[in-house]
>>> print(open('coords_30.pdb').read())   # PDB, C-alpha atoms
MODEL        1
ATOM      1  CA  MET A 447      54.682 -14.267-100.516  1.00  0.00           C
ATOM      2  CA  VAL A 448      55.309 -11.824 -97.699  1.00  0.00           C
ATOM      3  CA  LEU A 449      58.944 -11.367 -98.598  1.00  0.00           C
ATOM      4  CA  ASP A 450      57.981 -10.244-102.082  1.00  0.00           C
ATOM      5  CA  SER A 451      54.917  -8.180-101.233  1.00  0.00           C
ATOM      6  CA  LEU A 452      56.560  -6.161 -98.477  1.00  0.00           C
ATOM      7  CA  GLY A 453      59.077  -4.624-100.855  1.00  0.00           C
ATOM      8  CA  SER A 454      61.826  -2.811 -99.008  1.00  0.00           C
ATOM      9  CA  ILE A 455      60.576  -4.102 -95.662  1.00  0.00           C
ATOM     10  CA  GLY A 456      60.735  -7.611 -97.066  1.00  0.00           C
ATOM     11  CA  SER A 457      64.425  -7.230 -97.870  1.00  0.00           C
ATOM     12  CA  LEU A 458      65.040  -6.216 -94.276  1.00  0.00           C
ATOM     13  CA  VAL A 459      62.973  -9.107 -92.931  1.00  0.00           C
ATOM     14  CA  SER A 460      65.124 -11.507 -94.936  1.00  0.00           C
ATOM     15  CA  SER A 461      68.365 -10.158 -93.450  1.00  0.00           C
ATOM     16  CA  PRO A 462      69.960 -10.704 -90.023  1.00  0.00           C
ATOM     17  CA  TRP A 463      69.234  -7.063 -89.223  1.00  0.00           C
ATOM     18  CA  ILE A 464      65.625  -8.011 -88.537  1.00  0.00           C
ATOM     19  CA  TYR A 465      66.718  -9.372 -85.149  1.00  0.00           C
ATOM     20  CA  VAL A 466      68.333  -6.046 -84.259  1.00  0.00           C
ATOM     21  CA  LEU A 467      65.296  -4.102 -85.450  1.00  0.00           C
ATOM     22  CA  VAL A 468      62.904  -6.293 -83.471  1.00  0.00           C
ATOM     23  CA  ALA A 469      65.044  -6.108 -80.334  1.00  0.00           C
ATOM     24  CA  VAL A 470      65.405  -2.318 -80.487  1.00  0.00           C
ATOM     25  CA  SER A 471      61.713  -1.816 -81.212  1.00  0.00           C
ATOM     26  CA  VAL A 472      60.582  -4.059 -78.348  1.00  0.00           C
ATOM     27  CA  LEU A 473      63.141  -2.504 -76.014  1.00  0.00           C
ATOM     28  CA  LEU A 474      62.037   1.055 -76.748  1.00  0.00           C
ATOM     29  CA  ASP A 475      58.283   0.643 -77.046  1.00  0.00           C
ATOM     30  CA  ILE A 476      58.003   0.734 -73.266  1.00  0.00           C
ATOM     31  CA  PHE A 477      58.994   4.409 -73.599  1.00  0.00           C
ATOM     32  CA  LEU A 478      57.129   4.946 -76.888  1.00  0.00           C
ATOM     33  CA  PRO A 479      54.156   2.540 -77.010  1.00  0.00           C
ATOM     34  CA  VAL A 480      53.374   3.701 -80.560  1.00  0.00           C
ATOM     35  CA  LEU A 481      56.380   1.791 -81.909  1.00  0.00           C
ATOM     36  CA  PRO A 482      55.179  -1.168 -84.032  1.00  0.00           C
ATOM     37  CA  SER A 483      57.110  -3.877 -82.198  1.00  0.00           C
ATOM     38  CA  GLY A 484      54.259  -6.380 -82.408  1.00  0.00           C
ATOM     39  CA  VAL A 485      53.858  -5.676 -86.120  1.00  0.00           C
ATOM     40  CA  LEU A 486      57.558  -6.338 -86.712  1.00  0.00           C
ATOM     41  CA  VAL A 487      57.535  -9.593 -84.754  1.00  0.00           C
ATOM     42  CA  ILE A 488      54.479 -10.881 -86.598  1.00  0.00           C
ATOM     43  CA  THR A 489      55.839  -9.803 -90.000  1.00  0.00           C
ATOM     44  CA  ALA A 490      59.121 -11.597 -89.358  1.00  0.00           C
ATOM     45  CA  ALA A 491      57.329 -14.737 -88.152  1.00  0.00           C
ATOM     46  CA  THR A 492      55.046 -14.686 -91.206  1.00  0.00           C
ATOM     47  CA  ALA A 493      58.133 -14.447 -93.408  1.00  0.00           C
ATOM     48  CA  ALA A 494      59.569 -17.485 -91.602  1.00  0.00           C
ATOM     49  CA  ALA A 495      56.375 -19.411 -92.351  1.00  0.00           C
ATOM     50  CA  ALA A 496      56.613 -18.364 -96.007  1.00  0.00           C
ATOM     51  CA  GLY A 497      60.173 -19.664 -96.178  1.00  0.00           C
ATOM     52  CA  THR A 498      59.139 -22.967 -94.599  1.00  0.00           C
ATOM     53  CA  GLY A 499      56.362 -23.347 -97.163  1.00  0.00           C
ATOM     54  CA  ALA A 500      58.754 -22.656-100.028  1.00  0.00           C
ATOM     55  CA  ALA A 501      61.178 -25.270 -98.753  1.00  0.00           C
ATOM     56  CA  ALA A 502      58.398 -27.845 -98.415  1.00  0.00           C
ATOM     57  CA  ALA A 503      57.383 -27.163-102.018  1.00  0.00           C
ATOM     58  CA  GLY A 504      60.892 -27.925-103.225  1.00  0.00           C
ATOM     59  CA  ARG A 505      61.864 -24.295-103.858  1.00  0.00           C
ATOM     60  CA  VAL A 506      64.911 -22.688-102.319  1.00  0.00           C
ATOM     61  CA  PRO A 507      63.566 -20.018 -99.941  1.00  0.00           C
ATOM     62  CA  GLN A 508      65.221 -16.698 -99.327  1.00  0.00           C
ATOM     63  CA  ASP A 509      66.917 -16.232 -95.997  1.00  0.00           C
ATOM     64  CA  VAL A 510      64.156 -16.002 -93.407  1.00  0.00           C
ATOM     65  CA  PRO A 511      64.189 -15.386 -89.652  1.00  0.00           C
ATOM     66  CA  ASP A 512      64.758 -18.281 -87.296  1.00  0.00           C
ATOM     67  CA  ILE A 513      61.678 -18.696 -85.105  1.00  0.00           C
ATOM     68  CA  LEU A 514      63.587 -19.552 -81.925  1.00  0.00           C
ATOM     69  CA  VAL A 515      66.067 -16.679 -82.288  1.00  0.00           C
ATOM     70  CA  LEU A 516      63.240 -14.276 -83.083  1.00  0.00           C
ATOM     71  CA  THR A 517      61.339 -15.343 -79.954  1.00  0.00           C
ATOM     72  CA  LEU A 518      64.396 -15.034 -77.730  1.00  0.00           C
ATOM     73  CA  CYS A 519      65.240 -11.593 -79.142  1.00  0.00           C
ATOM     74  CA  ALA A 520      61.733 -10.292 -78.512  1.00  0.00           C
ATOM     75  CA  ALA A 521      61.482 -11.789 -75.012  1.00  0.00           C
ATOM     76  CA  THR A 522      64.938 -10.614 -73.914  1.00  0.00           C
ATOM     77  CA  ALA A 523      64.372  -7.083 -75.217  1.00  0.00           C
ATOM     78  CA  SER A 524      61.022  -6.979 -73.429  1.00  0.00           C
ATOM     79  CA  VAL A 525      62.612  -7.823 -70.078  1.00  0.00           C
ATOM     80  CA  LEU A 526      65.479  -5.359 -70.579  1.00  0.00           C
ATOM     81  CA  GLY A 527      62.996  -2.582 -71.350  1.00  0.00           C
ATOM     82  CA  ASP A 528      60.989  -3.428 -68.244  1.00  0.00           C
ATOM     83  CA  LEU A 529      64.121  -3.311 -66.095  1.00  0.00           C
ATOM     84  CA  ALA A 530      65.214   0.017 -67.583  1.00  0.00           C
ATOM     85  CA  VAL A 531      61.920   1.692 -66.623  1.00  0.00           C
ATOM     86  CA  TYR A 532      61.899  -0.112 -63.273  1.00  0.00           C
ATOM     87  CA  ARG A 533      65.351   1.260 -62.426  1.00  0.00           C
ATOM     88  CA  LEU A 534      64.515   4.771 -63.619  1.00  0.00           C
ATOM     89  CA  ALA A 535      61.344   4.773 -61.530  1.00  0.00           C
ATOM     90  CA  TRP A 536      63.235   3.389 -58.523  1.00  0.00           C
ATOM     91  CA  ARG A 537      65.488   6.453 -58.636  1.00  0.00           C
ATOM     92  CA  GLY A 538      62.678   8.846 -59.508  1.00  0.00           C
ATOM     93  CA  GLY A 539      62.431  10.388 -56.054  1.00  0.00           C
ATOM     94  CA  PRO A 540      59.687  12.568 -54.541  1.00  0.00           C
ATOM     95  CA  ARG A 541      58.777  14.240 -57.839  1.00  0.00           C
ATOM     96  CA  LEU A 542      57.783  10.905 -59.381  1.00  0.00           C
ATOM     97  CA  ASP A 543      55.911   9.939 -56.215  1.00  0.00           C
ATOM     98  CA  ARG A 544      53.878  13.136 -56.430  1.00  0.00           C
ATOM     99  CA  ALA A 545      53.144  12.531 -60.117  1.00  0.00           C
ATOM    100  CA  ILE A 546      51.854   9.034 -59.343  1.00  0.00           C
ATOM    101  CA  ALA A 547      49.785  10.346 -56.445  1.00  0.00           C
ATOM    102  CA  ARG A 548      48.049  12.769 -58.834  1.00  0.00           C
ATOM    103  CA  SER A 549      47.083   9.937 -61.198  1.00  0.00           C
ATOM    104  CA  ARG A 550      44.205   7.760 -60.067  1.00  0.00           C
ATOM    105  CA  ARG A 551      45.179   5.079 -62.599  1.00  0.00           C
ATOM    106  CA  LEU A 552      48.777   4.886 -61.397  1.00  0.00           C
ATOM    107  CA  THR A 553      47.767   5.000 -57.721  1.00  0.00           C
ATOM    108  CA  THR A 554      45.323   2.126 -58.208  1.00  0.00           C
ATOM    109  CA  ALA A 555      47.914   0.163 -60.175  1.00  0.00           C
ATOM    110  CA  GLN A 556      50.493   0.745 -57.445  1.00  0.00           C
ATOM    111  CA  GLU A 557      48.199  -0.630 -54.748  1.00  0.00           C
ATOM    112  CA  ARG A 558      47.146  -3.680 -56.763  1.00  0.00           C
ATOM    113  CA  LEU A 559      50.613  -4.498 -58.062  1.00  0.00           C
ATOM    114  CA  GLY A 560      52.242  -4.119 -54.683  1.00  0.00           C
ATOM    115  CA  GLY A 561      49.798  -6.522 -53.108  1.00  0.00           C
ATOM    116  CA  ALA A 562      50.069  -9.003 -55.970  1.00  0.00           C
ATOM    117  CA  LEU A 563      53.867  -9.094 -55.895  1.00  0.00           C
ATOM    118  CA  ALA A 564      53.955  -9.338 -52.106  1.00  0.00           C
ATOM    119  CA  ARG A 565      51.696 -12.400 -52.282  1.00  0.00           C
ATOM    120  CA  GLY A 566      53.886 -13.943 -54.971  1.00  0.00           C
ATOM    121  CA  GLY A 567      51.111 -13.672 -57.530  1.00  0.00           C
ATOM    122  CA  GLY A 568      52.332 -11.437 -60.318  1.00  0.00           C
ATOM    123  CA  ALA A 569      49.891 -12.611 -62.978  1.00  0.00           C
ATOM    124  CA  LEU A 570      48.951  -8.944 -63.290  1.00  0.00           C
ATOM    125  CA  VAL A 571      52.406  -8.290 -64.756  1.00  0.00           C
ATOM    126  CA  VAL A 572      51.812 -10.936 -67.428  1.00  0.00           C
ATOM    127  CA  LEU A 573      48.338  -9.620 -68.232  1.00  0.00           C
ATOM    128  CA  ALA A 574      49.603  -6.040 -68.466  1.00  0.00           C
ATOM    129  CA  ARG A 575      52.210  -7.065 -71.055  1.00  0.00           C
ATOM    130  CA  PHE A 576      49.432  -7.614 -73.580  1.00  0.00           C
ATOM    131  CA  ALA A 577      47.479  -4.432 -72.766  1.00  0.00           C
ATOM    132  CA  PRO A 578      48.321  -1.167 -74.558  1.00  0.00           C
ATOM    133  CA  ALA A 579      50.854   0.732 -72.400  1.00  0.00           C
ATOM    134  CA  GLY A 580      50.228  -1.765 -69.590  1.00  0.00           C
ATOM    135  CA  ARG A 581      53.855  -2.829 -69.574  1.00  0.00           C
ATOM    136  CA  SER A 582      54.946   0.793 -69.076  1.00  0.00           C
ATOM    137  CA  VAL A 583      52.544   1.343 -66.181  1.00  0.00           C
ATOM    138  CA  VAL A 584      53.486  -1.866 -64.363  1.00  0.00           C
ATOM    139  CA  SER A 585      57.252  -1.306 -64.650  1.00  0.00           C
ATOM    140  CA  LEU A 586      56.901   2.320 -63.565  1.00  0.00           C
ATOM    141  CA  VAL A 587      54.755   1.422 -60.575  1.00  0.00           C
ATOM    142  CA  ALA A 588      56.965  -1.486 -59.485  1.00  0.00           C
ATOM    143  CA  GLY A 589      60.047   0.727 -59.517  1.00  0.00           C
ATOM    144  CA  SER A 590      58.450   3.738 -57.833  1.00  0.00           C
ATOM    145  CA  ALA A 591      57.065   1.498 -55.092  1.00  0.00           C
ATOM    146  CA  HIS A 592      60.567   0.053 -54.564  1.00  0.00           C
ATOM    147  CA  ARG A 593      59.388  -3.504 -55.028  1.00  0.00           C
ATOM    148  CA  ARG A 594      62.309  -5.911 -54.747  1.00  0.00           C
ATOM    149  CA  VAL A 595      63.778  -6.968 -58.060  1.00  0.00           C
ATOM    150  CA  ARG A 596      63.383 -10.643 -57.184  1.00  0.00           C
ATOM    151  CA  GLU A 597      59.647 -10.033 -56.863  1.00  0.00           C
ATOM    152  CA  PHE A 598      59.349  -8.241 -60.187  1.00  0.00           C
ATOM    153  CA  LEU A 599      61.943  -9.798 -62.517  1.00  0.00           C
ATOM    154  CA  PRO A 600      60.586 -13.388 -62.706  1.00  0.00           C
ATOM    155  CA  TRP A 601      57.124 -12.104 -63.636  1.00  0.00           C
ATOM    156  CA  SER A 602      58.585  -9.659 -66.145  1.00  0.00           C
ATOM    157  CA  ALA A 603      60.520 -12.530 -67.739  1.00  0.00           C
ATOM    158  CA  LEU A 604      57.397 -14.701 -67.867  1.00  0.00           C
ATOM    159  CA  ALA A 605      55.395 -11.816 -69.342  1.00  0.00           C
ATOM    160  CA  GLY A 606      58.008 -11.086 -71.998  1.00  0.00           C
ATOM    161  CA  LEU A 607      58.298 -14.740 -72.979  1.00  0.00           C
ATOM    162  CA  ALA A 608      54.521 -15.230 -73.087  1.00  0.00           C
ATOM    163  CA  TRP A 609      54.076 -12.149 -75.295  1.00  0.00           C
ATOM    164  CA  ALA A 610      56.943 -13.136 -77.594  1.00  0.00           C
ATOM    165  CA  VAL A 611      55.737 -16.733 -77.993  1.00  0.00           C
ATOM    166  CA  TYR A 612      52.176 -15.592 -78.641  1.00  0.00           C
ATOM    167  CA  SER A 613      53.211 -12.964 -81.213  1.00  0.00           C
ATOM    168  CA  VAL A 614      55.609 -15.265 -83.055  1.00  0.00           C
ATOM    169  CA  ALA A 615      53.080 -18.109 -83.045  1.00  0.00           C
ATOM    170  CA  LEU A 616      50.409 -15.821 -84.490  1.00  0.00           C
ATOM    171  CA  GLY A 617      52.637 -14.739 -87.345  1.00  0.00           C
ATOM    172  CA  TYR A 618      54.055 -18.183 -88.037  1.00  0.00           C
ATOM    173  CA  PHE A 619      50.854 -20.212 -87.944  1.00  0.00           C
ATOM    174  CA  GLY A 620      48.923 -17.431 -89.657  1.00  0.00           C
ATOM    175  CA  GLY A 621      51.470 -17.649 -92.466  1.00  0.00           C
ATOM    176  CA  GLN A 622      51.247 -21.448 -92.505  1.00  0.00           C
ATOM    177  CA  TRP A 623      47.457 -21.536 -92.710  1.00  0.00           C
ATOM    178  CA  LEU A 624      46.766 -18.450 -94.831  1.00  0.00           C
ATOM    179  CA  GLY A 625      50.012 -18.235 -96.786  1.00  0.00           C
ATOM    180  CA  GLY A 626      52.823 -15.718 -96.523  1.00  0.00           C
ATOM    181  CA  THR A 627      50.683 -12.842 -97.766  1.00  0.00           C
ATOM    182  CA  TRP A 628      49.254  -9.622 -96.406  1.00  0.00           C
ATOM    183  CA  LEU A 629      46.106 -11.553 -95.432  1.00  0.00           C
ATOM    184  CA  GLY A 630      48.010 -13.883 -93.110  1.00  0.00           C
ATOM    185  CA  ALA A 631      49.850 -10.988 -91.479  1.00  0.00           C
ATOM    186  CA  ALA A 632      46.638  -8.942 -91.146  1.00  0.00           C
ATOM    187  CA  VAL A 633      44.697 -11.759 -89.462  1.00  0.00           C
ATOM    188  CA  SER A 634      47.599 -12.318 -87.046  1.00  0.00           C
ATOM    189  CA  LEU A 635      47.705  -8.615 -86.205  1.00  0.00           C
ATOM    190  CA  VAL A 636      43.969  -8.560 -85.530  1.00  0.00           C
ATOM    191  CA  ALA A 637      44.451 -11.467 -83.112  1.00  0.00           C
ATOM    192  CA  LEU A 638      47.315  -9.617 -81.387  1.00  0.00           C
ATOM    193  CA  PHE A 639      45.302  -6.416 -81.008  1.00  0.00           C
ATOM    194  CA  GLY A 640      42.323  -8.475 -79.839  1.00  0.00           C
ATOM    195  CA  ALA A 641      44.442  -9.980 -77.067  1.00  0.00           C
ATOM    196  CA  GLY A 642      45.528  -6.465 -76.087  1.00  0.00           C
ATOM    197  CA  ALA A 643      41.948  -5.249 -75.933  1.00  0.00           C
ATOM    198  CA  GLY A 644      40.951  -8.287 -73.868  1.00  0.00           C
ATOM    199  CA  ALA A 645      43.836  -7.750 -71.435  1.00  0.00           C
ATOM    200  CA  ALA A 646      42.925  -4.069 -71.036  1.00  0.00           C
ATOM    201  CA  TYR A 647      39.305  -5.014 -70.352  1.00  0.00           C
ATOM    202  CA  LEU A 648      40.284  -7.547 -67.697  1.00  0.00           C
ATOM    203  CA  MET A 649      42.595  -5.044 -66.026  1.00  0.00           C
ATOM    204  CA  ARG A 650      39.797  -2.465 -65.867  1.00  0.00           C
ATOM    205  CA  ARG A 651      37.398  -4.998 -64.363  1.00  0.00           C
ATOM    206  CA  GLN A 652      39.774  -6.279 -61.688  1.00  0.00           C
ATOM    207  CA  PRO A 653      39.517  -3.283 -59.340  1.00  0.00           C
ATOM    208  CA  ARG A 654      35.705  -3.573 -59.347  1.00  0.00           C
ATOM    209  CA  ALA A 655      35.923  -7.273 -58.546  1.00  0.00           C
ATOM    210  CA  THR A 656      38.319  -6.492 -55.685  1.00  0.00           C
ATOM    211  CA  GLU A 657      36.069  -3.779 -54.291  1.00  0.00           C
ATOM    212  CA  ALA A 658      33.007  -6.029 -54.562  1.00  0.00           C
ATOM    213  CA  SER A 659      34.718  -8.761 -52.592  1.00  0.00           C
TER     214      SER A 659
ENDMDL
END
>>> encode(input="coords_30.pdb", output="structure tokens")
Amino acid sequence: MVLDSLGSIGSLVSSPWIYVLVAVSVLLDIFLPVLPSGVLVITAATAAAAGTGAAAAGRVPQDVPDILVLTLCAATASVLGDLAVYRLAWRGGPRLDRAIARSRRLTTAQERLGGALARGGGALVVLARFAPAGRSVVSLVAGSAHRRVREFLPWSALAGLAWAVYSVALGYFGGQWLGGTWLGAAVSLVALFGAGAGAAYLMRRQPRATEAS
């Protein structure tokens, strides 16, 4: 089972500190996208599936994460991280504006995001949450463009919840179907990274589609 095979990490997964670790990792990975927040969420969810399987088999499982609490921790931390970058970018001043103007990627994102939020269609925010570093770019651009918080926050909340539910579901059902082993966690991680690659691809294609129309 995952809790046994992960060794020292497994002991952490089976303690209440896993919620703190997940929340901090998700909160900070907007500043450091290399942090393994998705890996932690999936590992914890796989451990929860392993505990459920042990209980169904009549064995007393070790303490395992609660799926609902894990999802809420990940989603809440995601939104708080978005807001932190949004506020920092809001107060960034002329220097940040010049830095964005020098970046074609950020300039394009600013134009697209501003239009999307103004029209009340912030699906781009949700899509960016799954793309590598997309969350950082969107929050930075929304703040630097001084988009109103009521335009940005609901979409950030939806994006954080969608990402958290997807990640937890991958780990949990992967553990249910493949067992609480490294295989179940690995397959779930591949699916998570695949969603990220797909989101990045769609975000790259969108400007072309807009220009063509």
>>> closest_residue(input="coords_30.pdb", among="A:Pro482, A:Gly621, A:Val525, A:Asp475", to="Pro600 (chain A)", atoms="all atoms listed in the file")
A:Val525
>>> atom_distance(input="coords_30.pdb", atom1="CA of Thr489 (chain A)", atom2="CA of Gly606 (chain A)")
18.2 Å
>>> atom_distance(input="coords_30.pdb", atom1="CA of Ala574 (chain A)", atom2="CA of Ala605 (chain A)")
8.2 Å
>>> resolve_selection(input="coords_30.pdb", expression="the PyMOL selection byres ((chain A and resi 616) around 8)", output="PyMOL selection string")
chain A and resi 488+491+612-615+617-620+634-635+637-638
>>> atom_distance(input="coords_30.pdb", atom1="CA of Pro479 (chain A)", atom2="CA of Ala495 (chain A)")
26.9 Å
>>> closest_residue(input="coords_30.pdb", among="A:Leu624, A:Ala588, A:Ala490, A:Val485", to="Ala530 (chain A)", atoms="all atoms listed in the file")
A:Ala588
>>> closest_residue(input="coords_30.pdb", among="A:Val587, A:Gly568, A:Phe576, A:Arg548", to="Leu648 (chain A)", atoms="only C-alpha atoms")
A:Phe576
>>> closest_residue(input="coords_30.pdb", among="A:Tyr647, A:Tyr465, A:Phe477, A:Tyr532", to="His592 (chain A)", atoms="all atoms listed in the file")
A:Tyr532
>>> axis_aligned_box(input="coords_30.pdb", around="region 574-593 of chain A", padding_each_side="3 Å", output="JSON")
{"center_x": 54.0, "center_y": -1.9, "center_z": -64.6, "size_x": 19.1, "size_y": 17.4, "size_z": 26.0}
>>> closest_residue(input="coords_30.pdb", among="A:Ser524, A:Val571, A:Gly642, A:Val595", to="Val583 (chain A)", atoms="all atoms listed in the file")
A:Val571
>>> residues_around(input="coords_30.pdb", residues="Val472 (chain A)", least_positions_apart="2", cutoff="12 Å", atoms="only C-alpha atoms", output="tab-separated table (two decimals) with C-alpha atoms, keeping the file's coordinate frame")
chain	number	residue	atom	x	y	z
A	465	TYR	CA	66.72	-9.37	-85.15
A	466	VAL	CA	68.33	-6.05	-84.26
A	467	LEU	CA	65.30	-4.10	-85.45
A	468	VAL	CA	62.90	-6.29	-83.47
A	469	ALA	CA	65.04	-6.11	-80.33
A	470	VAL	CA	65.40	-2.32	-80.49
A	474	LEU	CA	62.04	1.06	-76.75
A	475	ASP	CA	58.28	0.64	-77.05
A	476	ILE	CA	58.00	0.73	-73.27
A	477	PHE	CA	58.99	4.41	-73.60
A	478	LEU	CA	57.13	4.95	-76.89
A	479	PRO	CA	54.16	2.54	-77.01
A	480	VAL	CA	53.37	3.70	-80.56
A	481	LEU	CA	56.38	1.79	-81.91
A	482	PRO	CA	55.18	-1.17	-84.03
A	483	SER	CA	57.11	-3.88	-82.20
A	484	GLY	CA	54.26	-6.38	-82.41
A	485	VAL	CA	53.86	-5.68	-86.12
A	486	LEU	CA	57.56	-6.34	-86.71
A	487	VAL	CA	57.54	-9.59	-84.75
A	516	LEU	CA	63.24	-14.28	-83.08
A	517	THR	CA	61.34	-15.34	-79.95
A	518	LEU	CA	64.40	-15.03	-77.73
A	519	CYS	CA	65.24	-11.59	-79.14
A	520	ALA	CA	61.73	-10.29	-78.51
A	521	ALA	CA	61.48	-11.79	-75.01
A	522	THR	CA	64.94	-10.61	-73.91
A	523	ALA	CA	64.37	-7.08	-75.22
A	524	SER	CA	61.02	-6.98	-73.43
A	525	VAL	CA	62.61	-7.82	-70.08
A	526	LEU	CA	65.48	-5.36	-70.58
A	527	GLY	CA	63.00	-2.58	-71.35
A	528	ASP	CA	60.99	-3.43	-68.24
A	575	ARG	CA	52.21	-7.06	-71.06
A	581	ARG	CA	53.86	-2.83	-69.57
A	582	SER	CA	54.95	0.79	-69.08
A	606	GLY	CA	58.01	-11.09	-72.00
A	609	TRP	CA	54.08	-12.15	-75.30
A	610	ALA	CA	56.94	-13.14	-77.59
A	613	SER	CA	53.21	-12.96	-81.21
>>> closest_residue(input="coords_30.pdb", among="A:Gln622, A:Ser461, A:Ser471, A:Ser602", to="Leu570 (chain A)", atoms="all atoms listed in the file")
A:Ser602
